[in-house]
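Trainee: Just run-v2.txt, nothing more (compact mmCIF, C-alpha atoms and all ligand atoms):
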```
# COMPACT_ATOMS: atom_id res chain seq x y z
CA MET A 1071 -8.79 -7.56 10.21
CA GLN A 1072 -10.06 -4.07 11.07
CA PHE A 1073 -7.98 -1.41 12.81
CA ARG A 1074 -11.07 -0.23 14.69
CA ASP A 1075 -14.06 -2.43 13.93
CA LEU A 1076 -17.11 -0.15 13.81
CA LYS A 1077 -19.08 -2.59 11.64
CA THR A 1078 -18.94 -5.38 14.23
CA GLN A 1079 -19.83 -2.91 16.96
CA TYR A 1080 -22.90 -1.82 14.97
CA GLN A 1081 -24.01 -5.44 14.53
CA HIS A 1082 -23.93 -5.82 18.33
CA LEU A 1083 -25.92 -2.65 18.97
CA LYS A 1084 -28.02 -2.48 15.79
CA GLU A 1085 -31.44 -3.17 17.26
CA ASP A 1086 -31.18 -0.42 19.89
CA ILE A 1087 -29.45 2.12 17.65
CA ASP A 1088 -31.91 1.63 14.77
CA ARG A 1089 -34.88 2.05 17.12
CA GLU A 1090 -33.48 5.20 18.75
CA VAL A 1091 -32.48 6.83 15.45
CA ILE A 1092 -35.87 6.12 13.91
CA LYS A 1093 -37.51 7.69 16.96
CA VAL A 1094 -35.67 10.94 16.24
CA MET A 1095 -36.87 10.88 12.64
CA ASP A 1096 -40.45 10.08 13.68
CA ASN A 1097 -40.42 13.05 16.04
CA ALA A 1098 -38.44 15.28 13.63
CA ASN A 1099 -36.65 16.95 16.56
CA PHE A 1100 -33.34 17.01 14.73
CA ILE A 1101 -31.79 20.04 16.43
CA MET A 1102 -31.43 20.09 20.23
CA GLY A 1103 -34.03 17.37 20.75
CA SER A 1104 -34.60 15.92 24.20
CA GLN A 1105 -31.94 13.23 23.59
CA VAL A 1106 -29.23 15.93 23.54
CA LYS A 1107 -30.16 17.14 27.05
CA GLU A 1108 -30.49 13.57 28.32
CA LEU A 1109 -27.08 12.63 26.93
CA GLU A 1110 -25.45 15.73 28.43
CA LYS A 1111 -26.85 14.80 31.83
CA GLU A 1112 -25.61 11.21 31.58
CA LEU A 1113 -22.16 12.31 30.40
CA ALA A 1114 -21.81 14.90 33.18
CA GLU A 1115 -22.71 12.20 35.73
CA TYR A 1116 -20.26 9.73 34.21
CA VAL A 1117 -17.41 12.24 34.27
CA GLY A 1118 -18.42 13.56 37.69
CA VAL A 1119 -18.79 17.25 36.80
CA LYS A 1120 -21.64 19.73 37.02
CA HIS A 1121 -21.87 20.68 33.34
CA CYS A 1122 -21.57 18.84 30.04
CA ILE A 1123 -22.08 21.00 26.95
CA SER A 1124 -22.25 18.98 23.74
CA CYS A 1125 -21.16 20.51 20.42
CA GLY A 1126 -20.33 19.82 16.78
CA ASN A 1127 -16.96 18.06 17.16
CA GLY A 1128 -13.89 17.77 19.38
CA THR A 1129 -12.10 20.65 17.67
CA ASP A 1130 -15.06 22.98 18.30
CA ALA A 1131 -15.09 21.76 21.91
CA LEU A 1132 -11.51 23.03 22.23
CA GLN A 1133 -12.24 26.22 20.32
CA LEU A 1134 -15.34 27.01 22.41
CA THR A 1135 -13.22 26.46 25.52
CA GLY A 1136 -10.50 28.80 24.22
CA MET A 1137 -13.20 31.39 23.44
CA ALA A 1138 -14.69 31.12 26.93
CA LEU A 1139 -11.21 31.54 28.44
CA ASP A 1140 -10.63 34.47 26.06
CA PHE A 1141 -7.43 33.28 24.35
CA LYS A 1142 -5.89 36.20 22.53
CA LYS A 1143 -2.86 37.65 20.77
CA GLY A 1144 0.24 37.86 22.92
CA GLU A 1145 -0.73 34.87 25.07
CA ALA A 1146 1.19 31.61 25.26
CA ILE A 1147 -0.77 28.37 25.43
CA PHE A 1148 1.31 25.29 26.25
CA VAL A 1149 0.51 22.27 24.05
CA PRO A 1150 2.26 18.89 23.72
CA ASP A 1151 4.41 18.52 20.60
CA PHE A 1152 3.13 14.96 20.15
CA THR A 1153 -0.64 15.11 19.50
CA PHE A 1154 -3.29 15.55 16.84
CA PHE A 1155 -3.14 18.90 15.02
CA ALA A 1156 -6.40 20.26 16.51
CA SER A 1157 -4.89 20.63 20.01
CA GLY A 1158 -2.61 23.40 18.68
CA GLU A 1159 -4.72 24.56 15.76
CA ILE A 1160 -7.43 26.22 17.83
CA VAL A 1161 -4.80 28.22 19.71
CA SER A 1162 -3.52 29.82 16.51
CA LEU A 1163 -7.03 30.18 15.14
CA LEU A 1164 -7.94 32.31 18.17
CA GLY A 1165 -4.83 34.45 17.67
CA ALA A 1166 -2.83 33.17 20.64
CA THR A 1167 0.54 31.39 20.34
CA PRO A 1168 0.91 27.64 20.80
CA VAL A 1169 4.13 26.87 22.68
CA PHE A 1170 5.07 23.24 22.22
CA VAL A 1171 6.23 21.07 25.10
CA ASP A 1172 7.97 17.71 24.76
CA VAL A 1173 6.40 14.50 26.03
CA ASP A 1174 7.49 11.75 28.39
CA GLU A 1175 9.22 8.89 26.56
CA LYS A 1176 7.25 6.22 28.44
CA THR A 1177 3.71 7.60 28.63
CA PHE A 1178 3.87 9.74 25.44
CA ASN A 1179 2.02 12.45 27.40
CA MET A 1180 3.14 16.01 28.20
CA SER A 1181 6.18 15.93 30.48
CA PRO A 1182 5.49 17.99 33.64
CA GLU A 1183 9.24 18.72 34.06
CA LYS A 1184 9.59 20.00 30.52
CA LEU A 1185 6.35 21.96 30.89
CA GLU A 1186 7.70 23.85 33.88
CA LYS A 1187 10.98 24.55 32.06
CA ARG A 1188 9.03 25.90 29.09
CA ILE A 1189 6.87 28.15 31.27
CA THR A 1190 10.01 29.56 32.93
CA GLN A 1191 11.63 30.07 29.52
CA VAL A 1192 8.61 31.99 28.20
CA LEU A 1193 8.45 34.12 31.36
CA GLU A 1194 12.16 34.96 31.16
CA ASP A 1195 11.85 35.75 27.47
CA GLY A 1196 9.02 38.17 28.28
CA LYS A 1197 7.44 38.24 24.79
CA PHE A 1198 4.29 36.25 25.60
CA THR A 1199 2.03 36.04 28.62
CA PRO A 1200 1.50 32.44 29.74
CA LYS A 1201 -2.27 31.82 29.90
CA ALA A 1202 -3.20 28.15 29.78
CA ILE A 1203 -2.05 24.57 29.31
CA ILE A 1204 -3.75 22.12 26.97
CA ALA A 1205 -2.73 18.65 28.16
CA VAL A 1206 -3.81 15.72 25.99
CA ASP A 1207 -4.84 12.21 27.12
CA LEU A 1208 -2.90 10.62 24.29
CA PHE A 1209 -4.00 7.17 23.05
CA GLY A 1210 -6.49 6.94 25.95
CA LEU A 1211 -4.04 7.41 28.83
CA PRO A 1212 -4.74 10.44 31.05
CA ALA A 1213 -1.88 12.94 31.15
CA ASP A 1214 -0.26 13.47 34.58
CA PHE A 1215 -2.84 16.01 35.76
CA ILE A 1216 -1.73 15.69 39.37
CA SER A 1217 1.63 17.29 38.50
CA ILE A 1218 0.31 19.51 35.70
CA ASN A 1219 -2.44 21.07 37.88
CA LYS A 1220 0.18 21.81 40.56
CA ILE A 1221 2.47 23.56 38.08
CA ALA A 1222 -0.50 25.51 36.70
CA ASP A 1223 -1.44 26.69 40.21
CA LYS A 1224 2.12 27.82 40.83
CA TYR A 1225 2.13 30.02 37.70
CA GLY A 1226 -1.56 31.03 37.72
CA LEU A 1227 -2.50 29.16 34.53
CA THR A 1228 -5.72 27.37 33.53
CA VAL A 1229 -5.48 23.69 32.56
CA ILE A 1230 -7.60 22.33 29.71
CA GLU A 1231 -7.83 18.57 29.36
CA ASP A 1232 -8.02 17.57 25.69
CA GLY A 1233 -9.73 14.25 26.31
CA ALA A 1234 -10.64 13.58 22.66
CA GLN A 1235 -8.87 10.22 22.95
CA GLY A 1236 -9.24 9.90 26.69
CA PHE A 1237 -12.94 9.41 27.43
CA GLY A 1238 -13.30 6.59 29.96
CA GLY A 1239 -9.77 6.84 31.36
CA ARG A 1240 -9.07 7.51 35.04
CA ILE A 1241 -6.47 8.59 37.54
CA LYS A 1242 -7.41 6.69 40.69
CA ASP A 1243 -11.17 7.40 40.97
CA GLN A 1244 -11.07 10.68 39.02
CA VAL A 1245 -12.58 10.24 35.55
CA ALA A 1246 -11.01 11.66 32.37
CA CYS A 1247 -12.42 14.93 30.98
CA GLY A 1248 -12.85 15.97 34.62
CA LEU A 1249 -9.17 15.90 35.60
CA SER A 1250 -8.69 19.68 35.47
CA SER A 1251 -11.00 22.69 35.68
CA ILE A 1252 -12.24 22.22 32.09
CA GLY A 1253 -12.07 19.24 29.72
CA THR A 1254 -13.16 18.41 26.18
CA THR A 1255 -13.82 15.27 24.18
CA SER A 1256 -14.59 14.14 20.63
CA PHE A 1257 -17.21 11.66 19.43
CA PHE A 1258 -15.51 11.15 16.05
CA PRO A 1259 -16.42 7.55 15.10
CA ALA A 1260 -13.01 6.02 15.89
CA LYS A 1261 -12.58 7.64 19.34
CA PRO A 1262 -13.18 5.58 22.50
CA LEU A 1263 -16.81 6.77 22.58
CA GLY A 1264 -17.73 7.55 18.98
CA CYS A 1265 -20.96 8.53 17.21
CA TYR A 1266 -21.94 8.10 13.55
CA GLY A 1267 -20.60 11.40 12.30
CA ASP A 1268 -19.01 14.36 14.09
CA GLY A 1269 -19.65 15.28 17.70
CA GLY A 1270 -17.93 16.64 20.79
CA ALA A 1271 -18.45 17.90 24.33
CA ILE A 1272 -17.04 20.15 27.05
CA PHE A 1273 -17.01 19.32 30.77
CA THR A 1274 -16.64 21.72 33.67
CA ASP A 1275 -17.82 22.56 37.19
CA ASN A 1276 -17.51 26.28 36.44
CA ASP A 1277 -21.00 27.86 36.01
CA GLU A 1278 -19.72 30.99 34.30
CA TRP A 1279 -17.67 29.12 31.69
CA ALA A 1280 -20.59 26.75 31.06
CA ASP A 1281 -22.98 29.67 30.44
CA THR A 1282 -20.52 31.44 28.14
CA ILE A 1283 -19.90 28.25 26.14
CA LYS A 1284 -23.65 27.63 25.76
CA SER A 1285 -23.91 31.13 24.33
CA TYR A 1286 -20.93 30.75 21.95
CA ARG A 1287 -22.33 27.38 20.79
CA VAL A 1288 -25.42 29.08 19.33
CA HIS A 1289 -24.31 32.32 17.62
CA GLY A 1290 -23.37 34.07 20.87
CA LYS A 1291 -26.98 34.05 22.01
CA GLY A 1292 -28.24 36.13 24.90
CA ASP A 1293 -31.79 35.48 26.10
CA ASN A 1294 -32.52 33.59 22.89
CA LYS A 1295 -30.88 32.96 19.55
CA TYR A 1296 -32.25 36.20 18.03
CA ASP A 1297 -30.65 38.15 20.87
CA ASN A 1298 -26.92 38.03 20.15
CA VAL A 1299 -24.47 39.32 22.72
CA ARG A 1300 -21.18 37.98 21.36
CA ILE A 1301 -19.77 36.62 18.09
CA GLY A 1302 -20.10 32.86 18.30
CA LEU A 1303 -20.39 29.66 16.28
CA ASN A 1304 -23.07 27.27 15.19
CA SER A 1305 -21.82 24.09 16.82
CA ARG A 1306 -24.50 21.81 18.18
CA LEU A 1307 -24.59 18.03 18.51
CA ASP A 1308 -27.28 16.56 16.19
CA THR A 1309 -30.15 14.81 17.97
CA ILE A 1310 -29.51 11.71 15.82
CA GLN A 1311 -25.92 11.59 17.09
CA ALA A 1312 -27.10 12.03 20.67
CA ALA A 1313 -29.48 9.09 20.19
CA VAL A 1314 -26.61 6.92 18.88
CA LEU A 1315 -24.36 8.03 21.74
CA LYS A 1316 -26.93 7.19 24.42
CA VAL A 1317 -26.96 3.58 23.22
CA LYS A 1318 -23.18 3.48 22.79
CA LEU A 1319 -22.53 5.02 26.23
CA ASN A 1320 -24.43 2.11 27.82
CA ALA A 1321 -22.34 -0.45 25.95
CA PHE A 1322 -19.19 1.53 26.77
CA ARG A 1323 -20.00 1.56 30.48
CA GLU A 1324 -21.27 -1.99 30.65
CA TYR A 1325 -18.57 -3.89 28.76
CA GLU A 1326 -16.64 -2.11 25.99
CA LEU A 1327 -14.22 -0.23 28.24
CA GLU A 1328 -13.44 -3.40 30.14
CA ALA A 1329 -13.12 -5.40 26.91
CA VAL A 1330 -10.63 -2.97 25.42
CA ASN A 1331 -8.55 -3.15 28.61
CA LYS A 1332 -8.53 -6.94 28.33
CA VAL A 1333 -7.30 -6.68 24.73
CA ALA A 1334 -4.51 -4.35 25.84
CA ALA A 1335 -3.51 -6.64 28.70
CA ARG A 1336 -3.41 -9.62 26.33
CA TYR A 1337 -1.24 -7.78 23.80
CA THR A 1338 1.16 -6.69 26.53
CA GLU A 1339 1.38 -10.15 28.06
CA LEU A 1340 2.20 -11.72 24.69
CA LEU A 1341 4.50 -8.96 23.43
CA LYS A 1342 6.47 -8.08 26.53
CA ASN A 1343 9.15 -10.66 25.90
CA VAL A 1344 9.67 -9.85 22.23
CA ASP A 1345 13.13 -8.33 22.11
CA GLY A 1346 13.04 -5.00 20.28
CA VAL A 1347 9.48 -3.85 20.98
CA GLU A 1348 8.43 -1.66 23.87
CA THR A 1349 4.80 -2.11 24.96
CA PRO A 1350 2.80 0.88 26.26
CA LEU A 1351 3.17 1.82 29.92
CA THR A 1352 0.19 2.56 32.16
CA PRO A 1353 1.56 4.09 35.38
CA ASP A 1354 0.24 2.92 38.78
CA GLY A 1355 -3.13 4.45 39.57
CA PHE A 1356 -3.83 5.23 35.91
CA TYR A 1357 -6.48 3.53 33.76
CA SER A 1358 -6.54 3.93 29.96
CA SER A 1359 -9.44 3.81 27.51
CA TRP A 1360 -7.03 2.59 24.80
CA ALA A 1361 -7.87 4.83 21.89
CA GLN A 1362 -4.66 3.29 20.51
CA TYR A 1363 -2.32 0.45 21.44
CA THR A 1364 1.05 1.83 20.43
CA LEU A 1365 4.37 0.04 20.27
CA LYS A 1366 7.77 1.67 20.23
CA VAL A 1367 10.58 0.08 18.22
CA LYS A 1368 14.26 0.86 17.67
CA ASP A 1369 14.22 3.12 14.63
CA ARG A 1370 12.30 4.33 11.64
CA GLU A 1371 13.60 1.69 9.26
CA ILE A 1372 12.48 -1.15 11.55
CA ARG A 1373 9.13 0.54 12.21
CA ASP A 1374 8.40 0.96 8.51
CA SER A 1375 9.38 -2.58 7.62
CA LEU A 1376 7.34 -3.97 10.54
CA GLN A 1377 4.37 -2.08 9.15
CA THR A 1378 4.97 -3.56 5.68
CA THR A 1379 5.23 -7.07 7.16
CA LEU A 1380 1.96 -6.64 9.07
CA LYS A 1381 0.25 -5.33 5.97
CA ALA A 1382 1.34 -8.36 3.95
CA GLN A 1383 -0.48 -10.50 6.54
CA GLY A 1384 -3.64 -8.39 6.22
CA ILE A 1385 -3.02 -6.56 9.50
CA PRO A 1386 -3.64 -2.80 9.43
CA SER A 1387 -1.46 -0.52 11.55
CA MET A 1388 -1.13 3.26 11.83
CA ILE A 1389 1.55 5.82 12.57
CA TYR A 1390 0.24 8.26 15.18
CA TYR A 1391 1.87 10.71 14.64
CA PRO A 1392 4.37 10.98 11.79
CA LYS A 1393 5.32 14.64 12.47
CA PRO A 1394 5.86 16.78 15.60
CA MET A 1395 3.42 19.68 15.87
CA SER A 1396 6.37 22.07 15.92
CA THR A 1397 7.35 21.00 12.40
CA GLN A 1398 3.91 21.52 10.84
CA LEU A 1399 4.06 24.12 8.08
CA ALA A 1400 0.77 25.63 9.33
CA PHE A 1401 2.48 26.83 12.53
CA LYS A 1402 5.49 28.39 10.83
CA GLU A 1403 4.51 31.94 11.83
CA ASP A 1404 3.90 30.89 15.42
CA ILE A 1405 6.87 28.76 16.25
CA ARG A 1406 9.19 30.30 18.82
CA TYR A 1407 10.66 27.65 21.09
CA LEU A 1408 12.14 24.72 19.19
CA ASP A 1409 14.69 23.42 21.69
CA ASN A 1410 13.99 20.46 23.99
CA LEU A 1411 11.61 18.55 21.72
CA GLU A 1412 13.81 15.47 21.12
CA THR A 1413 11.49 12.81 22.56
CA THR A 1414 8.65 13.77 20.23
CA LYS A 1415 11.00 13.62 17.24
CA GLU A 1416 12.15 10.17 18.24
CA LEU A 1417 8.58 8.92 18.82
CA CYS A 1418 7.45 10.11 15.39
CA ASP A 1419 10.08 7.77 13.92
CA THR A 1420 9.53 4.78 16.19
CA VAL A 1421 5.84 4.36 17.11
CA LEU A 1422 3.35 2.01 15.52
CA SER A 1423 -0.28 1.54 16.57
CA LEU A 1424 -1.82 -1.94 16.27
CA PRO A 1425 -5.47 -2.91 15.66
CA MET A 1426 -7.38 -2.02 18.84
CA HIS A 1427 -11.07 -2.17 19.71
CA PRO A 1428 -13.40 -3.94 22.14
CA TYR A 1429 -14.42 -6.60 19.61
CA LEU A 1430 -10.90 -7.77 18.70
CA ALA A 1431 -10.92 -11.57 18.96
CA ASP A 1432 -8.23 -13.62 20.74
CA GLU A 1433 -7.24 -15.25 17.42
CA GLU A 1434 -6.75 -11.81 15.89
CA ILE A 1435 -4.55 -10.68 18.79
CA GLU A 1436 -2.54 -13.88 18.47
CA LYS A 1437 -2.12 -13.41 14.73
CA VAL A 1438 -0.81 -9.85 15.23
CA VAL A 1439 1.58 -10.99 17.95
CA LYS A 1440 2.81 -13.96 15.90
CA THR A 1441 3.52 -11.69 12.94
CA VAL A 1442 5.49 -9.31 15.16
CA GLU A 1443 7.42 -12.21 16.71
CA GLU A 1444 8.29 -13.67 13.31
CA PHE A 1445 9.41 -10.27 12.07
CA TYR A 1446 11.94 -10.14 14.91
CA LYS A 1447 13.22 -13.67 14.18
C1 LIG A 1501 -9.56 13.77 17.38
C2 LIG A 1501 -8.89 14.76 18.20
C3 LIG A 1501 -9.33 16.09 18.29
C4 LIG A 1501 -10.39 16.65 17.40
O1 LIG A 1501 -11.62 16.00 17.43
P1 LIG A 1501 -12.61 16.12 16.17
O2 LIG A 1501 -13.90 15.61 16.71
O3 LIG A 1501 -12.05 15.27 15.09
O4 LIG A 1501 -12.70 17.55 15.80
C5 LIG A 1501 -8.68 16.94 19.16
N1 LIG A 1501 -7.66 16.53 19.90
C6 LIG A 1501 -7.19 15.26 19.85
C7 LIG A 1501 -6.04 14.86 20.72
C8 LIG A 1501 -7.78 14.33 18.99
O5 LIG A 1501 -7.31 13.09 18.92
```
Starting from the coordinates I provided, produce the structure as structure tokens.
Mentor:
Amino acid sequence: MQFRDLKTQYQHLKEDIDREVIKVMDNANFIMGSQVKELEKELAEYVGVKHCISCGNGTDALQLTGMALDFKKGEAIFVPDFTFFASGEIVSLLGATPVFVDVDEKTFNMSPEKLEKRITQVLEDGKFTPKAIIAVDLFGLPADFISINKIADKYGLTVIEDGAQGFGGRIKDQVACGLSSIGTTSFFPAKPLGCYGDGGAIFTDNDEWADTIKSYRVHGKGDNKYDNVRIGLNSRLDTIQAAVLKVKLNAFREYELEAVNKVAARYTELLKNVDGVETPLTPDGFYSSWAQYTLKVKDREIRDSLQTTLKAQGIPSMIYYPKPMSTQLAFKEDIRYLDNLETTKELCDTVLSLPMHPYLADEEIEKVVKTVEEFYK
């Protein structure tokens, strides 16, 4: 059994992907070929925003956003304590200070209540100027942007949606990556919409940010790339990856997103009565793209032995994430506020992600569930 079955997906899409990739090679338009523009247009339409700017990966998408917003020394950027390293990494890389916020114990996403407490704490402390919030759509579930945007307005902060795992999710009819004034995603192969290498994108309605990001993406270009008006990056999406993504976006829209939601619903239906496991919660009005299907169990010992039991049956599982951001050695110079992070600590000891992808067969789901059930007997 595969944790995320990219080989089966390729077999389903092979004819179209092979044809489109070969077309790029025939035309030799490897950098910024027409497929990149076409993909950006389709993605912007899907998300419902004016601009999509593709780039080299999801981390660059966040970094380019932080550059456009001018993150700098002395500024506090609020980041969930329970996420992938990149969400906080780019903050430190740009010289600002990541301030970690605990997550909600049910949704695993940034807790709006704890966010507001943290903002107040930083303001009272007076050492850093609050600038922005990076809220993550963890495991495919959009963060509570309705509450987070309100808090941001109250304190004059910008909200960035790190939708690396969230592409395809929704809150009511608002699509992920467009849930705040600027959003980013990743096309890393195992993400909800993945390419065959690295890739990423930024989404916004803001013309000025979009122009600045397009400049930063290509060496801070002005009128052209030999006219340089700012220090930038080289972070473009390859034409080959854009060609792959155009085919995959169709499959994603037409059936994969729905299929992955059916898998999640099946898991939850079969697992909800197993005493000892907590299945993931999708609040009313929210729709997930299920980057992960993550269980919560009683403690670390049980989690680790459940993982061993699954492995013995040939079932892969993953621990996302084993460590809170605030305990990462890399942030040791930056860490200021370490109180009120208990939920993240507990989750790092008790979560376990099960195999999850649109091509997971019913028999596979049943085998996973049976193994979990037997473990608890
Ligand atoms: C994967 C991921 C990123 C980084 O994306 P890359 O394309 O791997 O650079 C950023 N944030 C989150 C939450 C992620 O899961």
Trainee: Set the distance at 10 Å and use only C-alpha atoms: which residues neighbour Met1426 (chain A) once local chain neighbours fewer than 2 positions away are removed? I'd like the list as a VMD selection string.
Mentor: chain A and resid 1072 to 1075 1330 to 1331 1333 to 1334 1337 1360 to 1364 1387 1423 to 1424 1428 to 1430 1435
Trainee: If we count all atoms listed in the file and set the cut-off at 10 Å, which residues sit around Ile1405 (chain A), ignoring sequence neighbours fewer than 3 positions away in its own chain? Please answer as a PyMOL selection string.
Mentor: chain A and resi 1167-1170+1395-1402+1408
Trainee: Fewer than 5 positions away in the same chain doesn't count, so skip those; otherwise give me all residues within 12 Å of Val1173 (chain A), counting all atoms listed in the file, as a PyMOL selection string.
Mentor: chain A and resi 1148-1153+1178-1185+1205-1208+1213-1214+1394-1395+1410-1418
Trainee: Within 7 Å of ligand LIG 1501 (chain A), which residues show up when you count all atoms listed in the file? List them as a VMD selection string, please.
Mentor: chain A and resid 1127 to 1130 1153 to 1154 1156 to 1157 1206 1208 1232 to 1235 1256 to 1258 1268 to 1270
Trainee: For the residues in that selection, give me C-alpha atoms as an mmCIF file, keeping the file's coordinate frame.
Mentor:
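Contents of out.cif, as written:
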```
data_model
loop_
_atom_site.group_PDB
_atom_site.id
_atom_site.type_symbol
_atom_site.label_atom_id
_atom_site.label_comp_id
_atom_site.auth_asym_id
_atom_site.auth_seq_id
_atom_site.Cartn_x
_atom_site.Cartn_y
_atom_site.Cartn_z
ATOM 1 C CA ASN A 1127 -16.960 18.060 17.160
ATOM 2 C CA GLY A 1128 -13.890 17.770 19.380
ATOM 3 C CA THR A 1129 -12.100 20.650 17.670
ATOM 4 C CA ASP A 1130 -15.060 22.980 18.300
ATOM 5 C CA THR A 1153 -0.640 15.110 19.500
ATOM 6 C CA PHE A 1154 -3.290 15.550 16.840
ATOM 7 C CA ALA A 1156 -6.400 20.260 16.510
ATOM 8 C CA SER A 1157 -4.890 20.630 20.010
ATOM 9 C CA VAL A 1206 -3.810 15.720 25.990
ATOM 10 C CA LEU A 1208 -2.900 10.620 24.290
ATOM 11 C CA ASP A 1232 -8.020 17.570 25.690
ATOM 12 C CA GLY A 1233 -9.730 14.250 26.310
ATOM 13 C CA ALA A 1234 -10.640 13.580 22.660
ATOM 14 C CA GLN A 1235 -8.870 10.220 22.950
ATOM 15 C CA SER A 1256 -14.590 14.140 20.630
ATOM 16 C CA PHE A 1257 -17.210 11.660 19.430
ATOM 17 C CA PHE A 1258 -15.510 11.150 16.050
ATOM 18 C CA ASP A 1268 -19.010 14.360 14.090
ATOM 19 C CA GLY A 1269 -19.650 15.280 17.700
ATOM 20 C CA GLY A 1270 -17.930 16.640 20.790
#
```
Trainee: Box time for region 1145-1150 of chain A: axis-aligned, enclosing all its listed atoms, 5 Å extra on each side; report centre and edge lengths in Å to one decimal, as JSON.
Mentor:
```
{"center_x": 0.7, "center_y": 26.9, "center_z": 25.0, "size_x": 13.0, "size_y": 26.0, "size_z": 12.5}
```
Trainee: Which residues, protein or nucleic acid, reach to within 10 Å of (-22.7, -4.0, 21.2) in the file's coordinates when using only C-alpha atoms, and can you give that as a JSON list (two decimals) with C-alpha atoms, in the frame of the given file?
Mentor:
```json
[["chain", "number", "residue", "atom", "x", "y", "z"],
["A", 1078, "THR", "CA", -18.94, -5.38, 14.23],
["A", 1079, "GLN", "CA", -19.83, -2.91, 16.96],
["A", 1080, "TYR", "CA", -22.90, -1.82, 14.97],
["A", 1081, "GLN", "CA", -24.01, -5.44, 14.53],
["A", 1082, "HIS", "CA", -23.93, -5.82, 18.33],
["A", 1083, "LEU", "CA", -25.92, -2.65, 18.97],
["A", 1084, "LYS", "CA", -28.02, -2.48, 15.79],
["A", 1085, "GLU", "CA", -31.44, -3.17, 17.26],
["A", 1086, "ASP", "CA", -31.18, -0.42, 19.89],
["A", 1087, "ILE", "CA", -29.45, 2.12, 17.65],
["A", 1317, "VAL", "CA", -26.96, 3.58, 23.22],
["A", 1318, "LYS", "CA", -23.18, 3.48, 22.79],
["A", 1320, "ASN", "CA", -24.43, 2.11, 27.82],
["A", 1321, "ALA", "CA", -22.34, -0.45, 25.95],
["A", 1322, "PHE", "CA", -19.19, 1.53, 26.77],
["A", 1324, "GLU", "CA", -21.27, -1.99, 30.65],
["A", 1325, "TYR", "CA", -18.57, -3.89, 28.76],
["A", 1326, "GLU", "CA", -16.64, -2.11, 25.99],
["A", 1428, "PRO", "CA", -13.40, -3.94, 22.14],
["A", 1429, "TYR", "CA", -14.42, -6.60, 19.61]]
```
Trainee: CA of Leu1376 (chain A) to CA of Thr1441 (chain A): how many Å, to one decimal?
Mentor: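 Distance reported for this atom pair: 8.9 Å.
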Trainee: What does the structure give for the distance between CA of Thr1309 (chain A) and CA of Asp1275 (chain A), in Å to one decimal?
Mentor: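 Computing it gives 24.1 Å between the two atoms.
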Trainee: Using only C-alpha atoms, which of A:Leu1134, A:Ile1385, A:Ala1166, A:Leu1249 sits nearest Gly1302 (chain A)?
Mentor: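 Using only C-alpha atoms, Gly1302 (chain A) sits closest to A:Leu1134.
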Trainee: Kindly give the distance, in Å, that separates CA of Val1192 (chain A) and CA of Gly1158 (chain A), rounded to a single decimal.
Mentor: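 Between these atoms lies a distance of 17.0 Å.
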Trainee: Nearest to Lys1261 (chain A) among A:Glu1348, A:Thr1338, A:Arg1188, A:Leu1327, with distances taken over only C-alpha atoms: which residue is it?
Mentor: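 Comparing A:Glu1348, A:Thr1338, A:Arg1188, A:Leu1327 against Lys1261 (chain A), the winner is A:Leu1327.
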Trainee: Met1071 (chain A): which residues within 8 Å, counting all atoms listed in the file, same-chain residues fewer than 3 positions away excluded, as a PyMOL selection string?
Mentor: chain A and resi 1384-1386+1425+1434
Trainee: Let me make sure I understand: among A:Arg1373, A:Lys1224, A:Lys1093, A:Arg1240, which one has the smallest atom-to-atom distance to Val1117 (chain A) if we use all atoms listed in the file?
Mentor: A:Arg1240
Trainee: Which is closest to Asp1369 (chain A) among A:Asp1293, A:Pro1350, A:Asp1419, A:Gly1355, if we use only C-alpha atoms?
Mentor: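 So, comparing all the options, the nearest one is A:Asp1419.
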